[in-house]
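What follows is a single structure, written as structure tokens, with notes after it.
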Amino acid sequence: MTIPMKRPVVIGLVIVCLMSYHAFGAADWQIIKVNGHDYLTVENISKFYGLPAEVVPAAGDKVQTQTVKNPLEFVSGSREVIINGARSWLCFPLIEQDGKFLMSRTDVAKTIEPLVRPHRVPNVGNVETVVLDPGHGGHDKGAVCRYGSEKDFALDVARKLRGLLQSKGLRVIMTREGDYFVPLDVRAQIANAARDSIFVSIHFNATNDDPDATGFEIFSFTPRGAPSTSDSAVTPTSLSMQAGTVVDNQSLALSVCIYHSLLGHIPEFDRGIKRARFAVLRLTRVPAVLIEGGFLTERGESRLIANKDWRGKLAAAISVGIENYRALAIKKQPPMLVADYRRQTKPTPTEPVIQEGELKEADSSLMDLIGNSAFASPQQTSTPSQRVSLESAPIIP
Ligand SMILES: [Zn+2]
């Protein structure tokens with residue numbers, strides 16, 4: 001179920017760079033200052049990762065991921081990017097200056113790196129416990145359609161998922177076992193109290209703005225100093241200084257693993273990997289994501305969600321994604337990507353084999369970039385006073 005859209009005509013500058021890792025060191029990052037903020041060129045990023053990149057002009061509509069050819073596809077003036085076949089959203093839009101396309105340094109460190117190389121995210125810990133959080137409950141029905149309520153569909157997916165994860169040897173804790181409401185801070189505390197845990201919140205979407213809106217999306221917590229995907233203020237000069245968490249990149253890696261599995265197993269529209277300051281994401285201190293498994297406000301998709309076999313497929317796709325995240329910690333194995341699932345092949349490494357010495361060089365240059373970032377400050381984790389509602393009203397960033 002996808003919204004028919006025209007792919008923007010590719011008339012913009014096409015940048016294609018293929019380069020092996022070995023010649024790349026710290027000196028090769030060329031930081032460009034724009035209004036006091038640090039940017040890097042798309043060409044520079046493409047060279048660093050050894051991945052072909054393309055910049056297409058913004059044309060109003062979202063890029064159709066099915067037609068994307070390059071591992072890195074950016075949209076001029078937009079926060080939209082397609083990375084390895086899945087949509088994602090930058091913190092800040094791509095800008096153009098002197099014929100070059102520039103990306104904020106924050107996004108290179110906080111978005112591009114964990115999305116392109118989730119298996120290199122530091123401190124991805126061993127996963128022993130999965131805390132499943134079926135959204136809403138009790139008096140809080142969540143979204144409602146003619147077939148039922150979000151709270152019931154989410155609980156059913158979590159129950160199905162629990163069995164699948166337990167059969168793989170994972171411990172599972174549910175934030176709620178039945179139809180009752182659990183405060184959002186309690187849900188987060190359950191995850192924080194569990195050893196070696198990750199937190200997976202399950203929801204279904206709704207909107208009053210567009211009855212045809214469909215598709216999957218997944219959220220992790222917005223990094224410090226950055227706007228959420230649904231925020232309209234998106235320049236580095238309008239920074240929100242709300243705290244991030246110490247597990248920003250681990251959470252994004254978890255998003256990548258689950259989201260590629262979702263899209264790879266179930267052909268729903270790709271709304272993308274997004275950021276939000278939902279309470280359950282803000283209050284968790286462990287890798288945490290919130291999945292929106294389709295729209296109850298769209299006729300066809302609500303019928304799917306109401307089908308228990310389809311919910312079983314959804315649970316199975318999430319469980320495979322969680323397995324892939326666990327493999328990051330144990331084997332540093334890159335997760336399977338949308339295309340891998342669609343080909344139904346076994347997991348294979350998705351990057352060139354490189355020597356250990358070369359690896360260190362590439363990594364240290366990136367660490368310099370992250371360490372010196374004008375925006376990054378991972379130690380600040382105090383809870384901001386402003387509370388953000390669990391659901392995001394705007395659905396199109
Ligand atoms: Zn919800």
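For the structure tokens, the naming scheme is as follows: chains receive sequential letters (A, B, ...) according to their order of presentation, residues are indexed from 1 within each chain, and ligands are indexed from 1 in presentation order.
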
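Residues of segment 136-170 of chain A carrying a DSSP assignment of strand (DSSP E or B), computed from the backbone, are Gly137, Asp140, Val144, Cys145, Gly148 and Ser149 of chain A.
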
Could you give me, as a tab-separated table, a per-residue list for segment 284-320 of chain A showing, wherever an atom lies at most 12 Å from an atom of segment 140-155 of chain A, the closest pair of atoms and their distance in Å to one decimal, using only C-alpha atoms and sorting by chain then residue number from low to high?
```
residue	atom	partner	partner_atom	distance
A:Leu290	CA	A:Ala154	CA	11.6
A:Ile291	CA	A:Ala154	CA	10.1
A:Glu292	CA	A:Ala154	CA	9.7
A:Gly293	CA	A:Ala154	CA	8.9
A:Gly294	CA	A:Glu150	CA	10.4
A:Phe295	CA	A:Ala143	CA	8.9
A:Leu296	CA	A:Cys145	CA	5.6
A:Thr297	CA	A:Cys145	CA	6.5
A:Glu298	CA	A:Cys145	CA	8.8
A:Arg299	CA	A:Cys145	CA	8.8
A:Gly300	CA	A:Cys145	CA	11.3
A:Glu301	CA	A:Cys145	CA	10.4
A:Ser302	CA	A:Cys145	CA	6.9
A:Arg303	CA	A:Tyr147	CA	7.4
A:Leu304	CA	A:Tyr147	CA	10.1
A:Ile305	CA	A:Phe153	CA	7.2
A:Ala306	CA	A:Tyr147	CA	6.1
A:Asn307	CA	A:Phe153	CA	9.3
A:Lys308	CA	A:Phe153	CA	8.7
A:Asp309	CA	A:Phe153	CA	11.8
A:Trp310	CA	A:Phe153	CA	10.9
A:Arg311	CA	A:Phe153	CA	7.8
A:Gly312	CA	A:Phe153	CA	10.8
A:Leu314	CA	A:Ala154	CA	10.6
A:Ala315	CA	A:Ala154	CA	10.0
```

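The contact shell of ligand 1, defined as all polymer residues within 6 Å when only C-alpha atoms and all ligand atoms are used, comprises Gly135, Gly142, His203 and Phe204 of chain A.
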
Nearest to Met174 of chain A by atom-to-atom distance, counting only C-alpha atoms, from A:Arg162, A:His119, A:Arg105, A:His260: A:Arg162

Using only C-alpha atoms, what does the table of segment 97-209 of chain A residues within 9 Å of segment 242-258 of chain A look like, with each row giving the shortest atom pair and its distance in Å to one decimal, sorted by chain and ascending number, as CSV?
```
residue,atom,partner,partner_atom,distance
A:Ala109,CA,A:Asn249,CA,8.9
A:Lys110,CA,A:Asn249,CA,6.5
A:Thr111,CA,A:Leu252,CA,7.8
A:Glu113,CA,A:Asn249,CA,8.5
A:Pro114,CA,A:Ala253,CA,5.8
A:Leu115,CA,A:Val256,CA,6.4
A:Arg117,CA,A:Ala253,CA,8.3
A:Pro118,CA,A:Ala253,CA,4.9
A:His119,CA,A:Ala253,CA,7.8
A:Val121,CA,A:Gln250,CA,6.5
A:Pro122,CA,A:Gln250,CA,7.8
A:Asn123,CA,A:Gln250,CA,7.6
A:Val124,CA,A:Gln250,CA,6.0
A:Gly125,CA,A:Gln250,CA,8.8
A:Ile198,CA,A:Ser251,CA,8.7
```

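Considering only C-alpha atoms, the residue among A:Thr229, A:Asn70, A:Asn84, A:Thr41 positioned nearest to Gln97 of chain A is A:Thr41.
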
Backbone DSSP call of alpha helix (DSSP H) for segment 139-200 of chain A, listed as a ChimeraX atom specification: /A:150-167,184-193

Residue with smallest distance to Phe278 of chain A - pool A:Leu40, A:Leu164, A:Ile83, A:Ala188, counting only C-alpha atoms: A:Ala188

Which residues, written as a ChimeraX atom specification, have at least one atom at most 9 Å from Leu132 of chain A, with only C-alpha atoms counted and residues fewer than 6 positions away on the same chain left out? /A:158-159,161-162,172-176,191,198-202

Store the residues picked out above in a file with N, CA and C atoms, as a PDB file, in the first residue's frame.
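Written file, selection_32.pdb:
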```
ATOM      1  N   ALA A 158       2.991  -7.379  20.292  1.00  0.00           N
ATOM      2  CA  ALA A 158       4.003  -7.591  21.341  1.00  0.00           C
ATOM      3  C   ALA A 158       3.956  -9.029  21.859  1.00  0.00           C
ATOM      4  N   ARG A 159       2.754  -9.571  22.036  1.00  0.00           N
ATOM      5  CA  ARG A 159       2.627 -10.962  22.515  1.00  0.00           C
ATOM      6  C   ARG A 159       3.221 -11.940  21.497  1.00  0.00           C
ATOM      7  N   LEU A 161       5.477 -11.244  19.267  1.00  0.00           N
ATOM      8  CA  LEU A 161       6.917 -10.977  19.224  1.00  0.00           C
ATOM      9  C   LEU A 161       7.626 -11.598  20.428  1.00  0.00           C
ATOM     10  N   ARG A 162       6.974 -11.552  21.569  1.00  0.00           N
ATOM     11  CA  ARG A 162       7.573 -12.143  22.787  1.00  0.00           C
ATOM     12  C   ARG A 162       7.946 -13.612  22.546  1.00  0.00           C
ATOM     13  N   VAL A 172      12.412 -11.635  27.700  1.00  0.00           N
ATOM     14  CA  VAL A 172      11.476 -10.585  27.281  1.00  0.00           C
ATOM     15  C   VAL A 172      10.685 -10.080  28.487  1.00  0.00           C
ATOM     16  N   ILE A 173      10.633  -8.762  28.609  1.00  0.00           N
ATOM     17  CA  ILE A 173       9.772  -8.142  29.622  1.00  0.00           C
ATOM     18  C   ILE A 173       8.772  -7.265  28.882  1.00  0.00           C
ATOM     19  N   MET A 174       7.497  -7.395  29.242  1.00  0.00           N
ATOM     20  CA  MET A 174       6.465  -6.541  28.640  1.00  0.00           C
ATOM     21  C   MET A 174       6.150  -5.410  29.624  1.00  0.00           C
ATOM     22  N   THR A 175       6.030  -4.181  29.100  1.00  0.00           N
ATOM     23  CA  THR A 175       5.671  -3.073  29.995  1.00  0.00           C
ATOM     24  C   THR A 175       4.207  -3.167  30.418  1.00  0.00           C
ATOM     25  N   ARG A 176       3.402  -3.847  29.608  1.00  0.00           N
ATOM     26  CA  ARG A 176       2.052  -4.203  30.058  1.00  0.00           C
ATOM     27  C   ARG A 176       1.674  -5.547  29.438  1.00  0.00           C
ATOM     28  N   ALA A 191      12.626  -0.562  31.429  1.00  0.00           N
ATOM     29  CA  ALA A 191      13.770  -0.827  30.534  1.00  0.00           C
ATOM     30  C   ALA A 191      15.084  -0.489  31.224  1.00  0.00           C
ATOM     31  N   ILE A 198      17.279  -3.664  25.633  1.00  0.00           N
ATOM     32  CA  ILE A 198      16.868  -2.685  24.630  1.00  0.00           C
ATOM     33  C   ILE A 198      15.357  -2.503  24.784  1.00  0.00           C
ATOM     34  N   PHE A 199      14.867  -1.370  24.287  1.00  0.00           N
ATOM     35  CA  PHE A 199      13.458  -1.004  24.473  1.00  0.00           C
ATOM     36  C   PHE A 199      12.810  -0.842  23.101  1.00  0.00           C
ATOM     37  N   VAL A 200      11.715  -1.556  22.873  1.00  0.00           N
ATOM     38  CA  VAL A 200      11.025  -1.502  21.574  1.00  0.00           C
ATOM     39  C   VAL A 200       9.546  -1.206  21.824  1.00  0.00           C
ATOM     40  N   SER A 201       9.125   0.001  21.440  1.00  0.00           N
ATOM     41  CA  SER A 201       7.745   0.423  21.643  1.00  0.00           C
ATOM     42  C   SER A 201       6.962   0.214  20.342  1.00  0.00           C
ATOM     43  N   ILE A 202       5.761  -0.332  20.475  1.00  0.00           N
ATOM     44  CA  ILE A 202       4.984  -0.706  19.288  1.00  0.00           C
ATOM     45  C   ILE A 202       3.694   0.110  19.223  1.00  0.00           C
TER      46      ILE A 202
END
```

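Nearest to Arg343 of chain A of all the residues A:Gln66, A:Ile190, A:Ile273, A:His265 is A:His265, counting only C-alpha atoms.
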
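With atom CA of Leu165 of chain A on one side and atom CA of Ser197 of chain A on the other, the separation reads 13.0 Å.
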